[in-house]
file coords.txt (compact mmCIF, C-alpha atoms)
# COMPACT_ATOMS: atom_id res chain seq x y z
CA MET A 1 -37.30 -7.18 -35.07
CA ILE A 2 -40.77 -8.71 -34.79
CA ALA A 3 -43.46 -6.72 -36.59
CA ILE A 4 -46.85 -6.72 -34.85
CA VAL A 5 -49.22 -5.88 -37.69
CA ASP A 6 -51.47 -2.90 -36.86
CA TYR A 7 -54.46 -2.75 -39.18
CA GLY A 8 -56.65 -0.73 -36.85
CA MET A 9 -58.18 -3.62 -34.92
CA GLY A 10 -57.04 -5.72 -31.98
CA ASN A 11 -55.45 -5.33 -28.58
CA LEU A 12 -51.94 -4.77 -29.86
CA ARG A 13 -50.53 -3.18 -26.72
CA SER A 14 -50.97 -6.34 -24.64
CA VAL A 15 -49.30 -8.48 -27.34
CA HIS A 16 -46.42 -5.99 -27.60
CA LYS A 17 -46.00 -5.89 -23.82
CA ALA A 18 -46.00 -9.70 -23.57
CA LEU A 19 -43.34 -10.07 -26.28
CA GLU A 20 -41.14 -7.49 -24.58
CA GLN A 21 -41.68 -9.22 -21.24
CA VAL A 22 -40.00 -12.36 -22.61
CA GLY A 23 -37.10 -10.37 -24.01
CA LEU A 24 -38.12 -10.08 -27.66
CA GLU A 25 -37.70 -6.92 -29.71
CA ALA A 26 -41.05 -6.06 -31.26
CA ARG A 27 -42.73 -3.06 -32.84
CA VAL A 28 -46.39 -2.31 -33.51
CA THR A 29 -46.53 -1.03 -37.08
CA SER A 30 -48.95 -0.18 -39.86
CA ASP A 31 -46.07 0.54 -42.26
CA PRO A 32 -45.99 -2.07 -45.07
CA ARG A 33 -42.22 -1.58 -45.44
CA GLU A 34 -41.57 -2.40 -41.79
CA VAL A 35 -43.68 -5.54 -42.09
CA ALA A 36 -41.78 -6.54 -45.24
CA ASN A 37 -38.41 -5.98 -43.56
CA ALA A 38 -39.19 -7.64 -40.22
CA SER A 39 -37.50 -10.88 -39.20
CA GLU A 40 -40.78 -12.30 -37.85
CA VAL A 41 -44.42 -11.24 -38.19
CA VAL A 42 -47.22 -11.43 -35.60
CA LEU A 43 -50.83 -10.90 -36.69
CA PRO A 44 -53.21 -10.47 -33.74
CA GLY A 45 -56.90 -9.84 -34.26
CA VAL A 46 -60.26 -9.22 -32.67
CA GLY A 47 -63.50 -8.21 -34.34
CA ALA A 48 -65.27 -9.35 -37.49
CA PHE A 49 -63.47 -11.40 -40.15
CA LYS A 50 -64.75 -9.25 -43.04
CA ASP A 51 -63.68 -5.98 -41.40
CA CYS A 52 -60.19 -7.29 -40.65
CA MET A 53 -59.63 -8.45 -44.23
CA ARG A 54 -60.88 -5.11 -45.53
CA ASN A 55 -58.57 -3.18 -43.21
CA LEU A 56 -55.54 -5.28 -44.15
CA GLU A 57 -56.19 -4.44 -47.79
CA GLU A 58 -56.92 -0.75 -47.19
CA PHE A 59 -53.76 -0.35 -45.07
CA ASN A 60 -51.76 -2.07 -47.87
CA LEU A 61 -50.67 -4.71 -45.37
CA LEU A 62 -52.13 -7.84 -46.90
CA GLU A 63 -49.44 -8.25 -49.56
CA PRO A 64 -46.41 -7.77 -47.26
CA VAL A 65 -47.89 -10.21 -44.74
CA ILE A 66 -48.39 -12.87 -47.41
CA ARG A 67 -44.96 -12.17 -48.95
CA SER A 68 -43.33 -12.55 -45.53
CA ILE A 69 -44.98 -15.93 -45.10
CA GLU A 70 -43.93 -17.01 -48.60
CA ALA A 71 -40.36 -15.91 -47.84
CA GLY A 72 -40.23 -18.38 -44.94
CA LYS A 73 -40.21 -15.87 -42.10
CA PRO A 74 -41.72 -17.15 -38.83
CA PHE A 75 -45.34 -16.01 -38.66
CA LEU A 76 -47.65 -16.13 -35.64
CA GLY A 77 -51.40 -15.58 -35.97
CA ILE A 78 -53.36 -14.95 -32.77
CA CYS A 79 -57.14 -15.49 -32.43
CA LEU A 80 -58.66 -13.85 -35.52
CA GLY A 81 -55.11 -13.74 -36.88
CA LEU A 82 -55.37 -17.54 -37.09
CA GLN A 83 -58.77 -17.48 -38.80
CA LEU A 84 -57.66 -15.00 -41.47
CA LEU A 85 -55.12 -17.52 -42.76
CA PHE A 86 -57.86 -19.77 -44.14
CA GLU A 87 -59.73 -19.56 -47.43
CA GLU A 88 -63.06 -18.30 -46.15
CA SER A 89 -65.28 -17.60 -43.14
CA ASP A 90 -69.06 -17.78 -42.82
CA GLU A 91 -69.17 -14.96 -40.25
CA PHE A 92 -72.07 -12.67 -41.33
CA GLY A 93 -72.03 -14.16 -44.82
CA THR A 94 -69.23 -15.83 -46.74
CA HIS A 95 -66.01 -13.84 -46.88
CA ARG A 96 -62.64 -14.53 -48.46
CA GLY A 97 -59.60 -14.97 -46.23
CA MET A 98 -55.90 -14.88 -47.08
CA GLY A 99 -56.04 -18.44 -48.40
CA VAL A 100 -52.61 -19.29 -47.01
CA LEU A 101 -53.99 -22.46 -45.40
CA PRO A 102 -56.68 -24.66 -46.94
CA GLY A 103 -59.88 -24.76 -44.91
CA ARG A 104 -62.64 -22.54 -43.60
CA VAL A 105 -63.90 -20.85 -40.46
CA THR A 106 -67.35 -21.45 -38.99
CA ARG A 107 -69.43 -20.62 -35.92
CA PHE A 108 -69.86 -22.87 -32.92
CA PRO A 109 -73.14 -24.80 -33.26
CA GLU A 110 -76.04 -23.69 -31.06
CA GLY A 111 -77.72 -25.96 -28.54
CA ILE A 112 -74.88 -28.27 -27.52
CA GLN A 113 -75.30 -29.43 -23.93
CA ASP A 114 -72.66 -30.20 -21.35
CA PRO A 115 -73.20 -33.94 -20.67
CA GLU A 116 -72.43 -33.49 -16.97
CA THR A 117 -74.55 -30.42 -16.17
CA SER A 118 -77.05 -30.44 -19.11
CA GLN A 119 -76.36 -26.72 -19.49
CA LEU A 120 -75.88 -25.29 -22.96
CA TYR A 121 -72.40 -24.25 -23.99
CA PRO A 122 -72.57 -20.44 -24.26
CA ILE A 123 -71.33 -18.64 -27.34
CA PRO A 124 -68.83 -17.01 -27.39
CA HIS A 125 -66.43 -19.52 -25.91
CA MET A 126 -64.86 -17.33 -23.25
CA GLY A 127 -62.40 -18.16 -20.47
CA TRP A 128 -59.79 -20.77 -19.65
CA ASN A 129 -59.76 -24.14 -21.40
CA THR A 130 -57.35 -27.01 -21.97
CA VAL A 131 -55.12 -27.39 -25.00
CA GLU A 132 -54.33 -30.96 -26.04
CA ILE A 133 -51.13 -31.12 -28.06
CA LYS A 134 -51.51 -33.51 -30.99
CA ARG A 135 -48.04 -33.33 -32.51
CA GLU A 136 -44.66 -31.91 -31.70
CA THR A 137 -44.04 -28.28 -32.56
CA PRO A 138 -41.49 -25.69 -31.40
CA LEU A 139 -44.37 -23.47 -30.28
CA PHE A 140 -45.29 -25.78 -27.37
CA ALA A 141 -41.75 -26.71 -26.29
CA GLY A 142 -41.63 -27.08 -22.51
CA ILE A 143 -45.41 -26.64 -22.15
CA GLU A 144 -47.25 -29.53 -20.48
CA ASN A 145 -50.00 -31.23 -22.44
CA ASN A 146 -53.54 -30.13 -21.50
CA SER A 147 -52.31 -26.84 -20.09
CA PHE A 148 -54.90 -24.07 -19.78
CA PHE A 149 -54.99 -21.07 -22.12
CA TYR A 150 -57.42 -18.15 -22.38
CA PHE A 151 -60.02 -18.05 -25.18
CA VAL A 152 -62.53 -15.48 -26.47
CA HIS A 153 -64.21 -16.43 -29.76
CA SER A 154 -67.44 -17.51 -31.45
CA TYR A 155 -65.87 -18.97 -34.59
CA TYR A 156 -63.26 -21.68 -35.06
CA PRO A 157 -61.17 -23.03 -37.95
CA ILE A 158 -61.74 -26.28 -39.81
CA PRO A 159 -58.40 -27.02 -41.52
CA GLN A 160 -58.69 -29.10 -44.68
CA SER A 161 -55.50 -30.97 -43.81
CA LEU A 162 -55.36 -32.77 -40.48
CA ASP A 163 -51.57 -32.51 -40.73
CA ASP A 164 -51.85 -28.75 -40.08
CA ILE A 165 -53.47 -29.29 -36.65
CA VAL A 166 -51.03 -29.27 -33.74
CA ALA A 167 -53.50 -28.88 -30.83
CA VAL A 168 -57.20 -29.18 -30.09
CA THR A 169 -59.62 -27.95 -27.42
CA PRO A 170 -62.99 -29.37 -26.31
CA TYR A 171 -66.03 -27.07 -26.22
CA GLY A 172 -69.07 -29.17 -26.96
CA ILE A 173 -67.12 -30.21 -30.03
CA GLU A 174 -63.39 -30.71 -30.41
CA PHE A 175 -61.87 -27.93 -32.51
CA ALA A 176 -58.41 -27.04 -33.79
CA CYS A 177 -56.94 -24.41 -31.48
CA ALA A 178 -53.41 -24.36 -32.91
CA VAL A 179 -52.06 -25.00 -36.40
CA GLN A 180 -48.68 -25.12 -38.07
CA GLN A 181 -47.57 -25.50 -41.65
CA GLY A 182 -43.87 -24.88 -42.16
CA ASN A 183 -43.05 -21.38 -40.91
CA ILE A 184 -46.74 -20.61 -40.25
CA TYR A 185 -47.83 -20.87 -36.61
CA ALA A 186 -51.22 -19.77 -35.32
CA VAL A 187 -53.32 -20.16 -32.18
CA GLN A 188 -56.99 -19.51 -31.48
CA PHE A 189 -56.38 -18.62 -27.83
CA HIS A 190 -54.68 -15.48 -26.51
CA PRO A 191 -51.14 -16.24 -25.30
CA GLU A 192 -50.76 -12.64 -24.12
CA LYS A 193 -53.64 -13.26 -21.68
CA SER A 194 -52.59 -16.78 -20.70
CA GLN A 195 -50.05 -15.96 -17.99
CA GLU A 196 -46.99 -18.22 -17.66
CA LYS A 197 -47.92 -20.72 -20.38
CA GLY A 198 -48.73 -17.98 -22.85
CA LEU A 199 -45.47 -16.18 -22.19
CA ARG A 200 -43.59 -19.45 -22.69
CA LEU A 201 -45.31 -19.92 -26.04
CA LEU A 202 -44.34 -16.41 -27.16
CA ARG A 203 -40.76 -16.97 -26.03
CA ASN A 204 -40.73 -20.22 -28.04
CA PHE A 205 -41.91 -18.32 -31.12
CA GLY A 206 -39.09 -15.83 -30.75
CA ARG A 207 -36.56 -18.67 -30.65
CA ILE A 208 -37.72 -20.48 -33.79
CA LYS A 209 -34.98 -18.95 -35.95
CA ASP A 210 -32.22 -19.55 -33.35

call {"tool": "encode", "arguments": {"input": "coords.txt", "output": "structure tokens"}}
result
Amino acid sequence: MIAIVDYGMGNLRSVHKALEQVGLEARVTSDPREVANASEVVLPGVGAFKDCMRNLEEFNLLEPVIRSIEAGKPFLGICLGLQLLFEESDEFGTHRGMGVLPGRVTRFPEGIQDPETSQLYPIPHMGWNTVEIKRETPLFAGIENNSFFYFVHSYYPIPQSLDDIVAVTPYGIEFACAVQQGNIYAVQFHPEKSQEKGLRLLRNFGRIKD
């Protein structure tokens, strides 16, 4: 059973529905024991970094999530669920993350112009954009390079190790949109909102232990 971690923030219903659509057994849960006993863990997230970390701690979910990762269970972070893996974020101050991956999270720089139109890139980065796969990973099996996925975010990760980056996306700057380290998989985009490609990615995640 895949545990979708419910810490009071995020569009969990759409993630749950997408996982079920590809034939995976999943449950939305705020029970630390269910998270600890799950075969795989999915951590979605929307909202502010600080609030999400606080809620994970207050719901007693932070420890079972980290223990699941340390035990080698497949883990998928989605959007803010990716950002929380890193050591810190500068969203509304400097705030501590889970520290599972070395690196930090920062805001898109203001004032970057599109070289073709001279228009400024708006923040947040919202809508469809390409994903360039940089190295092989089970998560993108059968997905064509530079496929489009759906994004909604103002902050992006800067992994300390380039080896953790599996895909990048251009938005004025090139940023890491997918990372992997061992059993840890995470994406900045929303696979549950990315139609066929997103469903394929979720199906791939469910097959990692097969």

call {"tool": "closest_atom_pairs", "arguments": {"input": "coords.txt", "of": "segment 122-188 of chain A", "to": "segment 69-79 of chain A", "cutoff": "9 Å", "atoms": "only C-alpha atoms", "output": "JSON lines"}}
result
{"residue": "A:Phe151", "atom": "CA", "partner": "A:Cys79", "partner_atom": "CA", "distance": 8.2}
{"residue": "A:Val152", "atom": "CA", "partner": "A:Cys79", "partner_atom": "CA", "distance": 8.0}
{"residue": "A:His153", "atom": "CA", "partner": "A:Cys79", "partner_atom": "CA", "distance": 7.6}
{"residue": "A:Cys177", "atom": "CA", "partner": "A:Cys79", "partner_atom": "CA", "distance": 9.0}
{"residue": "A:Gly182", "atom": "CA", "partner": "A:Gly72", "partner_atom": "CA", "distance": 8.0}
{"residue": "A:Asn183", "atom": "CA", "partner": "A:Pro74", "partner_atom": "CA", "distance": 4.9}
{"residue": "A:Ile184", "atom": "CA", "partner": "A:Phe75", "partner_atom": "CA", "distance": 5.1}
{"residue": "A:Tyr185", "atom": "CA", "partner": "A:Leu76", "partner_atom": "CA", "distance": 4.8}
{"residue": "A:Ala186", "atom": "CA", "partner": "A:Gly77", "partner_atom": "CA", "distance": 4.2}
{"residue": "A:Val187", "atom": "CA", "partner": "A:Ile78", "partner_atom": "CA", "distance": 5.2}
{"residue": "A:Gln188", "atom": "CA", "partner": "A:Cys79", "partner_atom": "CA", "distance": 4.1}

call {"tool": "write_last_selection", "arguments": {"input": "coords.txt", "atoms": "C-alpha atoms", "output": "compact mmCIF listing (two decimals), in the frame of the given file"}}
result
# COMPACT_ATOMS: atom_id res chain seq x y z
CA PHE A 151 -60.02 -18.05 -25.18
CA VAL A 152 -62.53 -15.48 -26.47
CA HIS A 153 -64.21 -16.43 -29.76
CA CYS A 177 -56.94 -24.41 -31.48
CA GLY A 182 -43.87 -24.88 -42.16
CA ASN A 183 -43.05 -21.38 -40.91
CA ILE A 184 -46.74 -20.61 -40.25
CA TYR A 185 -47.83 -20.87 -36.61
CA ALA A 186 -51.22 -19.77 -35.32
CA VAL A 187 -53.32 -20.16 -32.18
CA GLN A 188 -56.99 -19.51 -31.48

call {"tool": "residues_around", "arguments": {"input": "coords.txt", "residues": "Gly47 of chain A", "least_positions_apart": "3", "cutoff": "12 Å", "atoms": "only C-alpha atoms", "output": "ChimeraX atom specification"}}
result
/A:7-11,44,50-55,79-81,83-84,91-92,152-155

call {"tool": "closest_residue", "arguments": {"input": "coords.txt", "among": "A:Pro170, A:Gly103, A:Gly142, A:Pro157", "to": "Glu196 of chain A", "atoms": "all atoms listed in the file"}}
result
A:Gly142

call {"tool": "closest_residue", "arguments": {"input": "coords.txt", "among": "A:Phe59, A:Phe140, A:Trp128, A:Phe108", "to": "Phe205 of chain A", "atoms": "all atoms listed in the file"}}
result
A:Phe140

call {"tool": "atom_distance", "arguments": {"input": "coords.txt", "atom1": "atom CA of Ser14 of chain A", "atom2": "atom CA of Leu101 of chain A"}}
result
26.5 Å

call {"tool": "atom_distance", "arguments": {"input": "coords.txt", "atom1": "atom CA of Arg33 of chain A", "atom2": "atom CA of Leu56 of chain A"}}
result
13.9 Å

call {"tool": "residues_around", "arguments": {"input": "coords.txt", "residues": "Leu61 of chain A", "least_positions_apart": "2", "cutoff": "10 Å", "atoms": "only C-alpha atoms", "output": "ChimeraX atom specification"}}
result
/A:5-7,29-33,35-36,53,55-59,63-66

call {"tool": "decode", "arguments": {"input": "coords.txt", "residues": "segment 71-147 of chain A", "atoms": "C-alpha atoms", "output": "PDB file, in the first residue's frame"}}
result
ATOM      1  CA  ALA A  71      14.689   2.018   5.366  1.00  0.00           C
ATOM      2  CA  GLY A  72      14.992   2.098   1.574  1.00  0.00           C
ATOM      3  CA  LYS A  73      11.288   2.308   0.746  1.00  0.00           C
ATOM      4  CA  PRO A  74      10.494   4.056  -2.553  1.00  0.00           C
ATOM      5  CA  PHE A  75       9.653   7.683  -1.811  1.00  0.00           C
ATOM      6  CA  LEU A  76       8.105  10.225  -4.190  1.00  0.00           C
ATOM      7  CA  GLY A  77       8.041  13.935  -3.382  1.00  0.00           C
ATOM      8  CA  ILE A  78       5.760  16.141  -5.483  1.00  0.00           C
ATOM      9  CA  CYS A  79       6.187  19.935  -5.852  1.00  0.00           C
ATOM     10  CA  LEU A  80       6.744  21.224  -2.303  1.00  0.00           C
ATOM     11  CA  GLY A  81       7.268  17.578  -1.352  1.00  0.00           C
ATOM     12  CA  LEU A  82      10.482  17.803  -3.394  1.00  0.00           C
ATOM     13  CA  GLN A  83      11.602  21.060  -1.778  1.00  0.00           C
ATOM     14  CA  LEU A  84      11.097  19.767   1.765  1.00  0.00           C
ATOM     15  CA  LEU A  85      13.767  17.114   1.182  1.00  0.00           C
ATOM     16  CA  PHE A  86      16.532  19.729   1.142  1.00  0.00           C
ATOM     17  CA  GLU A  87      18.382  21.336   4.023  1.00  0.00           C
ATOM     18  CA  GLU A  88      16.783  24.764   3.928  1.00  0.00           C
ATOM     19  CA  SER A  89      14.562  27.211   2.037  1.00  0.00           C
ATOM     20  CA  ASP A  90      14.714  31.006   1.895  1.00  0.00           C
ATOM     21  CA  GLU A  91      10.929  31.334   1.478  1.00  0.00           C
ATOM     22  CA  PHE A  92       9.857  34.159   3.860  1.00  0.00           C
ATOM     23  CA  GLY A  93      13.097  33.842   5.809  1.00  0.00           C
ATOM     24  CA  THR A  94      15.435  30.892   6.215  1.00  0.00           C
ATOM     25  CA  HIS A  95      13.746  27.682   7.306  1.00  0.00           C
ATOM     26  CA  ARG A  96      15.053  24.189   7.985  1.00  0.00           C
ATOM     27  CA  GLY A  97      13.954  21.329   5.746  1.00  0.00           C
ATOM     28  CA  MET A  98      14.193  17.579   6.266  1.00  0.00           C
ATOM     29  CA  GLY A  99      17.853  17.591   5.259  1.00  0.00           C
ATOM     30  CA  VAL A 100      17.557  14.278   3.430  1.00  0.00           C
ATOM     31  CA  LEU A 101      19.258  15.749   0.354  1.00  0.00           C
ATOM     32  CA  PRO A 102      22.070  18.303   0.466  1.00  0.00           C
ATOM     33  CA  GLY A 103      21.125  21.646  -1.046  1.00  0.00           C
ATOM     34  CA  ARG A 104      18.705  24.511  -0.643  1.00  0.00           C
ATOM     35  CA  VAL A 105      15.561  26.025  -2.114  1.00  0.00           C
ATOM     36  CA  THR A 106      15.357  29.569  -3.452  1.00  0.00           C
ATOM     37  CA  ARG A 107      13.004  31.890  -5.325  1.00  0.00           C
ATOM     38  CA  PHE A 108      13.091  32.534  -9.047  1.00  0.00           C
ATOM     39  CA  PRO A 109      15.013  35.766  -9.708  1.00  0.00           C
ATOM     40  CA  GLU A 110      12.981  38.827 -10.668  1.00  0.00           C
ATOM     41  CA  GLY A 111      13.427  40.685 -13.933  1.00  0.00           C
ATOM     42  CA  ILE A 112      14.560  37.917 -16.281  1.00  0.00           C
ATOM     43  CA  GLN A 113      13.423  38.598 -19.841  1.00  0.00           C
ATOM     44  CA  ASP A 114      12.412  36.158 -22.524  1.00  0.00           C
ATOM     45  CA  PRO A 115      15.069  36.733 -25.237  1.00  0.00           C
ATOM     46  CA  GLU A 116      12.503  36.247 -28.009  1.00  0.00           C
ATOM     47  CA  THR A 117       9.653  38.444 -26.725  1.00  0.00           C
ATOM     48  CA  SER A 118      11.512  40.706 -24.223  1.00  0.00           C
ATOM     49  CA  GLN A 119       8.689  40.022 -21.775  1.00  0.00           C
ATOM     50  CA  LEU A 120       9.528  39.281 -18.160  1.00  0.00           C
ATOM     51  CA  TYR A 121       9.118  35.744 -16.919  1.00  0.00           C
ATOM     52  CA  PRO A 122       6.199  35.918 -14.461  1.00  0.00           C
ATOM     53  CA  ILE A 123       6.479  34.457 -10.983  1.00  0.00           C
ATOM     54  CA  PRO A 124       5.062  31.969 -10.135  1.00  0.00           C
ATOM     55  CA  HIS A 125       6.110  29.668 -12.939  1.00  0.00           C
ATOM     56  CA  MET A 126       2.703  28.323 -13.903  1.00  0.00           C
ATOM     57  CA  GLY A 127       1.628  26.083 -16.777  1.00  0.00           C
ATOM     58  CA  TRP A 128       3.131  23.520 -19.124  1.00  0.00           C
ATOM     59  CA  ASN A 129       6.876  23.339 -19.687  1.00  0.00           C
ATOM     60  CA  THR A 130       9.416  20.875 -21.042  1.00  0.00           C
ATOM     61  CA  VAL A 131      11.379  18.413 -18.951  1.00  0.00           C
ATOM     62  CA  GLU A 132      14.838  17.522 -20.250  1.00  0.00           C
ATOM     63  CA  ILE A 133      15.988  14.173 -18.901  1.00  0.00           C
ATOM     64  CA  LYS A 134      19.653  14.314 -17.914  1.00  0.00           C
ATOM     65  CA  ARG A 135      20.222  10.738 -16.780  1.00  0.00           C
ATOM     66  CA  GLU A 136      18.434   7.436 -16.802  1.00  0.00           C
ATOM     67  CA  THR A 137      15.961   6.782 -14.012  1.00  0.00           C
ATOM     68  CA  PRO A 138      13.061   4.340 -13.584  1.00  0.00           C
ATOM     69  CA  LEU A 139      10.753   7.311 -13.022  1.00  0.00           C
ATOM     70  CA  PHE A 140      10.969   8.439 -16.666  1.00  0.00           C
ATOM     71  CA  ALA A 141      10.916   4.987 -18.291  1.00  0.00           C
ATOM     72  CA  GLY A 142       9.001   5.161 -21.567  1.00  0.00           C
ATOM     73  CA  ILE A 143       8.625   8.961 -21.384  1.00  0.00           C
ATOM     74  CA  GLU A 144      10.073  10.899 -24.318  1.00  0.00           C
ATOM     75  CA  ASN A 145      12.743  13.485 -23.572  1.00  0.00           C
ATOM     76  CA  ASN A 146      11.480  17.088 -23.476  1.00  0.00           C
ATOM     77  CA  SER A 147       7.922  15.992 -22.759  1.00  0.00           C
TER      78      SER A 147
END
